[in-house]
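Structure data (compact mmCIF, C-alpha atoms) from model-v2.txt:
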# COMPACT_ATOMS: atom_id res chain seq x y z
CA MET N 16 -110.25 118.90 47.76
CA GLY N 17 -110.63 115.15 47.28
CA ARG N 18 -111.89 113.91 43.94
CA TRP N 19 -114.28 111.47 45.57
CA GLU N 20 -116.54 114.29 46.78
CA PRO N 21 -117.03 116.59 43.83
CA ASN N 22 -118.68 119.48 45.62
CA GLY N 23 -117.88 118.93 49.28
CA ARG N 24 -117.15 122.57 49.87
CA GLY N 25 -120.42 123.77 48.39
CA ARG N 26 -122.43 121.11 50.21
CA LEU N 27 -120.84 122.00 53.54
CA ALA N 28 -121.45 125.71 52.99
CA GLU N 29 -125.10 125.11 52.09
CA ALA N 30 -125.66 122.84 55.10
CA ALA N 31 -123.99 125.35 57.42
CA LEU N 32 -126.05 128.28 56.13
CA LYS N 33 -129.23 126.29 56.67
CA LEU N 34 -128.30 125.24 60.22
CA TYR N 35 -127.09 128.72 61.22
CA ALA N 36 -130.39 130.19 60.04
CA GLU N 37 -132.49 127.53 61.77
CA GLN N 38 -130.80 127.14 65.13
CA GLY N 39 -128.34 130.04 65.30
CA PHE N 40 -124.63 130.27 64.59
CA GLU N 41 -123.50 129.83 68.19
CA ARG N 42 -125.51 126.67 68.77
CA THR N 43 -124.42 124.91 65.58
CA THR N 44 -121.46 122.50 65.75
CA VAL N 45 -119.09 121.41 63.00
CA THR N 46 -120.25 117.82 63.65
CA GLU N 47 -123.81 118.81 62.80
CA ILE N 48 -122.76 120.63 59.64
CA ALA N 49 -120.71 117.69 58.42
CA GLU N 50 -123.55 115.29 59.21
CA ALA N 51 -126.13 117.42 57.40
CA ALA N 52 -123.85 117.52 54.35
CA GLY N 53 -123.27 113.75 54.53
CA LEU N 54 -119.53 114.28 55.06
CA THR N 55 -117.04 113.89 57.89
CA GLU N 56 -115.74 116.50 60.31
CA ARG N 57 -112.31 115.86 58.90
CA THR N 58 -113.55 116.86 55.47
CA PHE N 59 -115.02 120.02 56.96
CA PHE N 60 -111.64 121.03 58.32
CA ARG N 61 -109.98 120.27 55.00
CA HIS N 62 -112.19 122.97 53.48
CA PHE N 63 -112.61 125.50 56.29
CA ALA N 64 -110.41 126.63 59.18
CA ASP N 65 -113.41 127.00 61.48
CA LYS N 66 -117.15 127.42 61.71
CA ARG N 67 -116.92 131.15 60.98
CA GLU N 68 -114.93 130.75 57.78
CA VAL N 69 -117.84 128.98 56.06
CA LEU N 70 -119.49 132.36 55.87
CA PHE N 71 -116.44 134.02 54.34
CA TYR N 72 -115.24 131.46 51.86
CA GLY N 73 -115.47 133.81 48.90
CA THR N 74 -112.80 136.05 50.41
CA GLU N 75 -109.82 134.80 48.41
CA MET N 76 -111.74 135.11 45.17
CA ALA N 77 -112.95 138.58 46.13
CA LEU N 78 -109.43 139.76 46.97
CA ASP N 79 -108.25 138.45 43.63
CA MET N 80 -111.10 140.16 41.78
CA LEU N 81 -110.48 143.51 43.47
CA THR N 82 -106.73 143.57 42.84
CA ARG N 83 -107.09 142.29 39.28
CA THR N 84 -109.69 144.92 38.36
CA ILE N 85 -107.46 147.68 39.73
CA ALA N 86 -104.40 146.30 37.91
CA GLU N 87 -106.31 146.11 34.63
CA ALA N 88 -107.87 149.59 34.81
CA PRO N 89 -106.60 151.83 31.99
CA ALA N 90 -103.56 153.95 32.82
CA SER N 91 -105.74 157.05 32.49
CA ALA N 92 -108.10 155.90 35.27
CA SER N 93 -107.81 157.88 38.51
CA PRO N 94 -107.29 155.97 41.79
CA MET N 95 -110.98 156.47 42.61
CA ASP N 96 -112.03 155.25 39.15
CA ALA N 97 -109.95 152.10 39.58
CA VAL N 98 -111.37 151.46 43.06
CA GLY N 99 -114.91 152.19 41.83
CA ALA N 100 -114.52 149.67 38.98
CA ALA N 101 -113.20 147.05 41.42
CA LEU N 102 -116.12 147.54 43.81
CA GLU N 103 -118.65 147.42 40.99
CA SER N 104 -117.25 144.02 39.94
CA PHE N 105 -117.44 142.97 43.54
CA GLY N 106 -121.08 144.08 43.65
CA ALA N 107 -121.83 142.12 40.47
CA PHE N 108 -120.47 139.05 42.18
CA PHE N 109 -122.94 139.44 45.10
CA GLN N 110 -125.71 140.17 42.63
CA GLU N 111 -125.40 136.66 41.16
CA ASP N 112 -127.23 135.10 44.09
CA PRO N 113 -128.98 137.86 46.06
CA GLU N 114 -131.12 135.46 48.07
CA ARG N 115 -128.10 133.60 49.35
CA VAL N 116 -126.31 136.84 50.20
CA ARG N 117 -129.35 138.05 52.17
CA ARG N 118 -129.60 134.76 54.07
CA ARG N 119 -125.91 134.96 54.90
CA ASP N 120 -126.20 138.59 55.92
CA ALA N 121 -129.00 137.86 58.40
CA ILE N 122 -126.74 135.28 60.09
CA VAL N 123 -123.71 137.59 60.20
CA SER N 124 -125.75 140.55 61.50
CA ALA N 125 -127.09 138.49 64.40
CA SER N 126 -123.64 137.64 65.81
CA THR N 127 -121.06 140.02 67.28
CA GLU N 128 -118.31 137.53 66.54
CA LEU N 129 -119.31 137.33 62.88
CA ARG N 130 -119.73 141.08 62.49
CA GLU N 131 -116.19 141.40 63.80
CA ARG N 132 -114.88 138.91 61.29
CA GLU N 133 -116.70 140.85 58.55
CA LEU N 134 -114.88 144.04 59.60
CA VAL N 135 -111.58 142.17 59.42
CA LYS N 136 -112.37 140.99 55.89
CA LEU N 137 -113.37 144.47 54.77
CA ASP N 138 -110.07 145.73 56.13
CA ALA N 139 -108.26 143.03 54.16
CA PHE N 140 -110.11 144.20 51.02
CA ALA N 141 -108.96 147.76 51.66
CA SER N 142 -105.34 146.63 52.17
CA ALA N 143 -105.41 144.57 48.98
CA MET N 144 -106.70 147.58 47.02
CA VAL N 145 -104.00 149.80 48.54
CA GLY N 146 -101.40 147.28 47.35
CA ALA N 147 -102.87 147.15 43.84
CA LEU N 148 -103.00 150.95 43.61
CA ARG N 149 -99.37 151.28 44.70
CA GLU N 150 -98.44 148.78 42.00
CA ARG N 151 -100.00 151.19 39.51
CA GLY N 152 -97.86 153.99 40.89
CA THR N 153 -100.51 155.70 43.02
CA PRO N 154 -98.65 157.51 45.80
CA GLU N 155 -99.64 157.73 49.46
CA PRO N 156 -101.88 158.94 50.97
CA ALA N 157 -103.97 158.78 47.75
CA ALA N 158 -103.82 154.97 47.60
CA SER N 159 -104.99 154.48 51.19
CA LEU N 160 -107.63 157.19 50.95
CA ALA N 161 -109.13 155.88 47.71
CA ALA N 162 -109.26 152.32 49.07
CA GLU N 163 -110.71 153.30 52.46
CA ALA N 164 -113.27 155.63 50.90
CA GLY N 165 -114.25 152.88 48.47
CA ILE N 166 -114.83 150.43 51.30
CA ALA N 167 -116.78 153.08 53.24
CA ALA N 168 -119.09 153.62 50.26
CA PHE N 169 -119.37 149.90 49.61
CA LYS N 170 -120.46 149.21 53.20
CA VAL N 171 -123.24 151.78 52.88
CA ALA N 172 -124.31 150.59 49.41
CA TYR N 173 -124.33 146.97 50.53
CA ALA N 174 -126.44 147.76 53.62
CA ARG N 175 -128.99 149.60 51.43
CA TRP N 176 -129.09 146.75 48.94
CA VAL N 177 -129.51 144.07 51.63
CA ALA N 178 -132.29 146.10 53.26
CA ALA N 179 -134.20 146.54 49.98
CA GLU N 180 -136.99 144.02 49.99
CA PRO N 181 -136.72 141.76 46.94
CA GLY N 182 -139.65 141.96 44.55
CA LYS N 183 -141.04 145.01 46.34
CA THR N 184 -143.15 147.38 44.27
CA GLY N 185 -141.06 150.18 42.87
CA ARG N 186 -137.87 148.20 43.11
CA THR N 187 -135.89 149.06 40.00
CA ASP N 188 -132.58 148.32 38.34
CA GLU N 189 -131.21 151.16 40.39
CA GLN N 190 -131.14 148.82 43.33
CA GLU N 191 -128.76 146.47 41.62
CA LEU N 192 -125.66 146.47 43.71
CA PRO N 193 -123.07 147.58 41.10
CA ARG N 194 -125.18 150.62 40.21
CA LEU N 195 -125.85 151.32 43.83
CA VAL N 196 -122.09 151.27 44.50
CA ARG N 197 -121.51 153.86 41.79
CA LYS N 198 -124.40 156.01 42.98
CA THR N 199 -123.17 155.84 46.57
CA LEU N 200 -119.68 156.92 45.53
CA THR N 201 -121.23 159.96 43.84
CA GLU N 202 -123.21 160.73 47.01
CA LEU N 203 -120.04 160.39 49.06
CA GLN N 204 -118.31 162.80 46.70
CA GLU N 205 -121.13 165.32 47.20
CA ILE N 206 -121.13 164.96 50.98
CA LEU N 207 -117.38 165.52 51.13
CA ALA N 208 -117.62 168.53 48.84
CA ASP N 209 -120.08 170.10 51.28
CA ARG N 210 -117.56 171.38 53.80
CA ALA N 211 -117.56 174.96 55.02
CA SER N 212 -114.40 174.86 57.07
CA VAL N 213 -111.77 174.05 54.47
CA MET U 7 -113.43 152.33 91.45
CA GLY U 8 -112.54 151.93 95.10
CA ARG U 9 -111.45 154.96 97.07
CA TRP U 10 -108.63 153.07 98.74
CA GLU U 11 -106.59 152.91 95.54
CA PRO U 12 -106.72 156.39 93.97
CA ASN U 13 -105.64 155.72 90.41
CA GLY U 14 -105.78 151.94 90.25
CA ARG U 15 -106.99 152.12 86.72
CA GLY U 16 -104.14 154.32 85.57
CA ARG U 17 -101.51 152.24 87.39
CA LEU U 18 -102.84 149.04 85.86
CA ALA U 19 -102.87 150.56 82.38
CA GLU U 20 -99.31 151.84 82.75
CA ALA U 21 -98.05 148.48 84.06
CA ALA U 22 -99.81 146.63 81.24
CA LEU U 23 -98.39 148.90 78.54
CA LYS U 24 -94.89 148.39 79.92
CA LEU U 25 -95.21 144.59 80.09
CA TYR U 26 -96.82 144.30 76.64
CA ALA U 27 -93.93 146.31 75.17
CA GLU U 28 -91.26 144.32 76.99
CA GLN U 29 -92.48 140.75 76.67
CA GLY U 30 -95.31 140.92 74.14
CA PHE U 31 -99.08 141.10 74.55
CA GLU U 32 -99.69 137.36 74.15
CA ARG U 33 -97.17 136.35 76.78
CA THR U 34 -98.33 138.79 79.44
CA THR U 35 -100.85 137.58 82.02
CA VAL U 36 -103.33 139.55 84.10
CA THR U 37 -101.57 138.22 87.21
CA GLU U 38 -98.32 139.83 86.08
CA ILE U 39 -100.02 143.14 85.30
CA ALA U 40 -101.71 143.26 88.69
CA GLU U 41 -98.45 142.35 90.44
CA ALA U 42 -96.47 145.02 88.59
CA ALA U 43 -99.09 147.59 89.58
CA GLY U 44 -99.07 146.40 93.18
CA LEU U 45 -102.74 145.45 92.97
CA THR U 46 -104.79 142.26 92.89
CA GLU U 47 -106.19 140.38 89.91
CA ARG U 48 -109.63 141.06 91.28
CA THR U 49 -108.95 144.77 91.13
CA PHE U 50 -107.82 144.37 87.52
CA PHE U 51 -111.13 142.79 86.58
CA ARG U 52 -113.04 145.51 88.38
CA HIS U 53 -111.47 147.99 85.97
CA PHE U 54 -111.11 146.00 82.73
CA ALA U 55 -113.10 143.18 81.15
CA ASP U 56 -109.96 141.53 79.82
CA LYS U 57 -106.32 141.99 78.91
CA ARG U 58 -107.20 143.58 75.58
CA GLU U 59 -109.47 146.23 77.06
CA VAL U 60 -106.56 147.88 78.87
CA LEU U 61 -105.47 149.16 75.48
CA PHE U 62 -108.91 150.55 74.67
CA TYR U 63 -109.97 152.11 77.91
CA GLY U 64 -110.44 155.57 76.41
CA THR U 65 -113.23 154.27 74.20
CA GLU U 66 -116.20 155.41 76.29
CA MET U 67 -114.74 158.89 76.63
CA ALA U 68 -113.99 159.02 72.92
CA LEU U 69 -117.53 157.96 71.99
CA ASP U 70 -118.87 160.65 74.26
CA MET U 71 -116.56 163.28 72.78
CA LEU U 72 -117.49 162.38 69.20
CA THR U 73 -121.25 162.43 69.76
CA ARG U 74 -121.12 165.57 71.88
CA THR U 75 -119.09 167.51 69.31
CA ILE U 76 -121.54 166.53 66.57
CA ALA U 77 -124.54 167.46 68.74
CA GLU U 78 -123.01 170.85 69.56
CA ALA U 79 -122.01 171.78 65.99
CA PRO U 80 -123.94 174.83 64.75
CA ALA U 81 -127.15 174.10 62.87
CA SER U 82 -125.54 175.51 59.73
CA ALA U 83 -122.72 172.93 59.80
CA SER U 84 -122.93 170.28 57.08
CA PRO U 85 -122.75 166.60 58.10
CA MET U 86 -119.11 166.49 56.97
CA ASP U 87 -118.30 169.67 58.94
CA ALA U 88 -119.79 168.16 62.08
CA VAL U 89 -117.89 164.89 61.59
CA GLY U 90 -114.69 166.79 60.81
CA ALA U 91 -115.00 168.83 64.01
CA ALA U 92 -115.61 165.65 66.03
CA LEU U 93 -112.55 163.93 64.58
CA GLU U 94 -110.37 167.00 65.14
CA SER U 95 -111.33 166.94 68.84
CA PHE U 96 -110.57 163.25 68.86
CA GLY U 97 -107.16 163.99 67.35
CA ALA U 98 -106.49 166.66 69.97
CA PHE U 99 -107.15 164.05 72.64
CA PHE U 100 -104.44 161.76 71.18
CA GLN U 101 -102.13 164.71 70.81
CA GLU U 102 -102.07 165.20 74.58
CA ASP U 103 -99.70 162.31 75.08
CA PRO U 104 -98.17 161.37 71.71
CA GLU U 105 -95.48 159.15 73.20
CA ARG U 106 -98.00 157.03 75.02
CA VAL U 107 -100.16 156.74 71.90
CA ARG U 108 -97.13 155.61 69.86
CA ARG U 109 -96.15 153.01 72.47
CA ARG U 110 -99.70 151.73 72.49
CA ASP U 111 -99.85 151.69 68.71
CA ALA U 112 -96.70 149.56 68.43
CA ILE U 113 -98.33 146.97 70.71
CA VAL U 114 -101.64 146.96 68.84
CA SER U 115 -99.94 146.77 65.41
CA ALA U 116 -97.96 143.69 66.45
CA SER U 117 -101.04 141.59 67.29
CA THR U 118 -103.76 140.39 64.93
CA GLU U 119 -106.17 140.05 67.84
CA LEU U 120 -105.58 143.66 68.89
CA ARG U 121 -105.80 145.02 65.36
CA GLU U 122 -109.18 143.29 65.13
CA ARG U 123 -110.37 144.88 68.34
CA GLU U 124 -109.22 148.25 67.00
CA LEU U 125 -111.36 147.77 63.88
CA VAL U 126 -114.34 146.96 66.10
CA LYS U 127 -113.78 150.17 68.09
CA LEU U 128 -113.48 152.26 64.93
CA ASP U 129 -116.76 150.76 63.76
CA ALA U 130 -118.35 151.71 67.08
CA PHE U 131 -117.07 155.28 66.58
CA ALA U 132 -118.68 155.36 63.13
CA SER U 133 -121.99 154.05 64.52
CA ALA U 134 -121.98 156.61 67.32
CA MET U 135 -121.41 159.42 64.82
CA VAL U 136 -124.22 158.10 62.60
CA GLY U 137 -126.53 158.22 65.64
CA ALA U 138 -125.47 161.77 66.53
CA LEU U 139 -125.97 162.95 62.94
CA ARG U 140 -129.45 161.43 62.76
CA GLU U 141 -130.30 163.25 66.00
CA ARG U 142 -129.43 166.47 64.16
CA GLY U 143 -131.79 165.50 61.36
CA THR U 144 -129.20 164.29 58.83
CA PRO U 145 -131.01 161.79 56.59
CA GLU U 146 -129.60 158.52 55.30
CA PRO U 147 -127.41 157.70 53.46
CA ALA U 148 -125.73 161.05 54.23
CA ALA U 149 -125.31 160.24 57.93
CA SER U 150 -123.66 156.87 57.30
CA LEU U 151 -121.51 158.16 54.46
CA ALA U 152 -120.22 161.17 56.40
CA ALA U 153 -119.39 159.01 59.43
CA GLU U 154 -117.71 156.24 57.42
CA ALA U 155 -115.76 158.71 55.29
CA GLY U 156 -114.65 160.49 58.45
CA ILE U 157 -113.37 157.27 59.98
CA ALA U 158 -111.65 156.37 56.69
CA ALA U 159 -109.81 159.72 56.70
CA PHE U 160 -109.03 159.46 60.40
CA LYS U 161 -107.44 156.03 59.96
CA VAL U 162 -105.15 157.40 57.27
CA ALA U 163 -104.33 160.59 59.20
CA TYR U 164 -103.61 158.62 62.36
CA ALA U 165 -101.30 156.19 60.53
CA ARG U 166 -99.36 159.12 59.05
CA TRP U 167 -99.10 160.80 62.43
CA VAL U 168 -97.94 157.66 64.21
CA ALA U 169 -95.35 157.02 61.49
CA ALA U 170 -93.93 160.56 61.72
CA GLU U 171 -90.78 160.34 63.75
CA PRO U 172 -91.01 162.66 66.73
CA GLY U 173 -88.41 165.39 66.77
CA LYS U 174 -87.35 164.63 63.20
CA THR U 175 -85.96 167.54 61.19
CA GLY U 176 -88.66 169.19 59.16
CA ARG U 177 -91.39 168.02 61.47
CA THR U 178 -93.82 170.90 61.72
CA ASP U 179 -97.12 171.81 63.30
CA GLU U 180 -98.69 170.37 60.19
CA GLN U 181 -98.09 166.97 61.65
CA GLU U 182 -100.23 167.69 64.64
CA LEU U 183 -103.05 165.22 64.48
CA PRO U 184 -106.05 167.60 64.43
CA ARG U 185 -104.57 169.54 61.52
CA LEU U 186 -103.60 166.34 59.79
CA VAL U 187 -107.19 165.10 60.13
CA ARG U 188 -108.48 168.25 58.43
CA LYS U 189 -105.85 168.09 55.71
CA THR U 190 -106.59 164.42 55.07
CA LEU U 191 -110.32 165.15 54.73
CA THR U 192 -109.46 167.74 52.08
CA GLU U 193 -107.28 165.21 50.27
CA LEU U 194 -110.09 162.67 50.44
CA GLN U 195 -112.43 165.26 48.96
CA GLU U 196 -110.00 165.84 46.07
CA ILE U 197 -109.49 162.14 45.42
CA LEU U 198 -113.23 161.54 45.29
CA ALA U 199 -113.74 164.50 42.98
CA ASP U 200 -111.29 162.94 40.54
CA ARG U 201 -113.64 160.45 38.93
CA ALA U 202 -114.08 160.15 35.18
CA SER U 203 -116.89 157.65 35.13
CA VAL U 204 -119.64 159.55 36.88

Represent the structure of the file as structure tokens.
Amino acid sequence: MGRWEPNGRGRLAEAALKLYAEQGFERTTVTEIAEAAGLTERTFFRHFADKREVLFYGTEMALDMLTRTIAEAPASASPMDAVGAALESFGAFFQEDPERVRRRDAIVSASTELRERELVKLDAFASAMVGALRERGTPEPAASLAAEAGIAAFKVAYARWVAAEPGKTGRTDEQELPRLVRKTLTELQEILADRASV
Amino acid sequence: MGRWEPNGRGRLAEAALKLYAEQGFERTTVTEIAEAAGLTERTFFRHFADKREVLFYGTEMALDMLTRTIAEAPASASPMDAVGAALESFGAFFQEDPERVRRRDAIVSASTELRERELVKLDAFASAMVGALRERGTPEPAASLAAEAGIAAFKVAYARWVAAEPGKTGRTDEQELPRLVRKTLTELQEILADRASV
């Protein structure tokens, strides 16, 4: 990042989000994004590999947060506790700017290409958590199962949270994403326990 | 499918699998696949949308099998029982030709593009199961959680099964995919039950 443009990355991301929402992701060009942000195309490509990546630029930070939270969980924490703590931190991160997350989500949901990229990122989150669990000495298949189950619950919690209308009557703290993640993990636990054919 | 080429689809798939294994997925062209199968490029595109789809041509049948098994599960079956039964049938389907599945898996694992397509297909399987569960009257979030947890367990079971060396000493029936799916669901249940912070 060049010093002469203190928040180029943020400006580009904001301009892109606005254009994607207004005219659609497919129809928006990098030239237009750069122009709207008052920057050059070259600067765009210094910050983002492509037009899709603008919508996923928190990925590195998220991966770091997930693995760090798992690494720092007390030795007594079970694999699922460590994964739960990581996903609650992740939820808190989304919670910081819910309006932005909802705007971004509407754009991603409208495009097959972007939904695919989202699946790839979620898979990368699962892999990173598997790695962090193994580092703690969690054996297989427990590490993979805890990470995959965590992502499964997170997907469901996130979808519920995004769908909840902000400011709606009856909306409570319960709908805050970190709490919703924890609640959803408990629901998942109950659903799995309800098996006749074991 | 034209009547004048009784198994064009199968011949194309077999030729593609062989070429992908020998020279890599990226380097193989549709022209080469068609030639190796003794068919035309036009015939290829009548059977498959693109070069990737050859590796996923069981998808429609799989979706049908998953939704049908869930629809036909007894009314007393819990959502997780219905999903478990569906994924065991799915496993049995892979089990029919393990060598072919392993060859295919080696090709998919070696390519980012193909791994991405695989994630998209798994997501489609989850969505189909959610739909089938809702048809049975399973409410949300139970439907989504059961389907996502099922896919999470299936991914892990499948990876273990693919990694198990065929014919290896000590290899038992236990490694058959349908049983492994059931066992992995039980392990997932145990891992989720092991949470301190509920």

Rank N:Ser104, N:Thr58, N:Thr43, N:Ser93 by their smallest atom-to-atom distance to chain U, using only C-alpha atoms, and report the top residue only.
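When distances to chain U are compared using only C-alpha atoms, the smallest one comes from N:Ser93.
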
Expressed in Å to a single decimal, how great is the separation between atom CA of Glu122 of chain U and atom CA of Ala77 of chain N?
19.9 Å

Find the residues of chain N in contact range of chain U, meaning any atom within 8 Å when counting all atoms listed in the file, and list them as number ranges by chain.
N: 92-96, 131, 134-135, 156-157, 159-161, 163-164, 167-168, 171, 197, 200-204, 206-213

Kindly extract all protein, DNA and RNA residues lying within 12 Å of the coordinates (-115.0, 134.0, 53.2) given in the file, considering only C-alpha atoms, and supply them as number ranges by chain.
N: 28, 62-78, 119, 123, 129, 132-137, 139-140

Using only C-alpha atoms: which of N:Gly106, N:Pro89, N:Gly25, N:Gly39 has the shortest distance to Phe59 of chain N:
N:Gly25

Work out how far apart atom CA of Gly23 of chain N and atom CA of Gly53 of chain N are and give it in Å to one decimal.
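Atom CA of Gly53 of chain N lies 9.1 Å from atom CA of Gly23 of chain N.
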
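Considering all atoms listed in the file, the residue among U:Phe96, U:Glu119, U:Trp167, U:Arg108 positioned nearest to Phe31 of chain U is U:Glu119.
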
Residues at most 8 Å from Ala77 of chain U, counting all atoms listed in the file, excluding those fewer than 4 positions away in the same chain, as an MDAnalysis selection string?
chainID U and resid 73 138:139 141:142

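Put simply, atom CA of Ala88 of chain N is 22.9 Å away from atom CA of Tyr173 of chain N.
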
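Nearest-residue note for Thr144 of chain U: choosing from U:Val187, U:Val89, U:Ala43, U:Leu23, the minimum distance belongs to U:Val89, counting only C-alpha atoms.
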
Rank N:Ala49, N:Ala178, N:Arg194, N:Leu34 by their smallest atom-to-atom distance to Ser124 of chain N, using only C-alpha atoms, and report the top residue only.
N:Ala178

Write out as number ranges by chain which residues come within 12 Å of Glu28 of chain U when counting only C-alpha atoms, dropping same-chain ones fewer than 6 positions away.
U: 21-22, 34, 109, 112-113

So, with all atoms listed in the file as the atoms that count, which of N:Phe109, N:Val177, N:Ser126, N:Thr84 lies closest to Met144 of chain N?
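For Met144 of chain N, the nearest of the candidates is N:Thr84.
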
Box time for segment 76-85 of chain N: axis-aligned, enclosing all its listed atoms, 8 Å extra on each side; report centre and edge lengths in Å to one decimal, as lines of an AutoDock Vina configuration file.
center_x = -109.8
center_y = 141.4
center_z = 42.7
size_x = 22.2
size_y = 28.6
size_z = 24.6
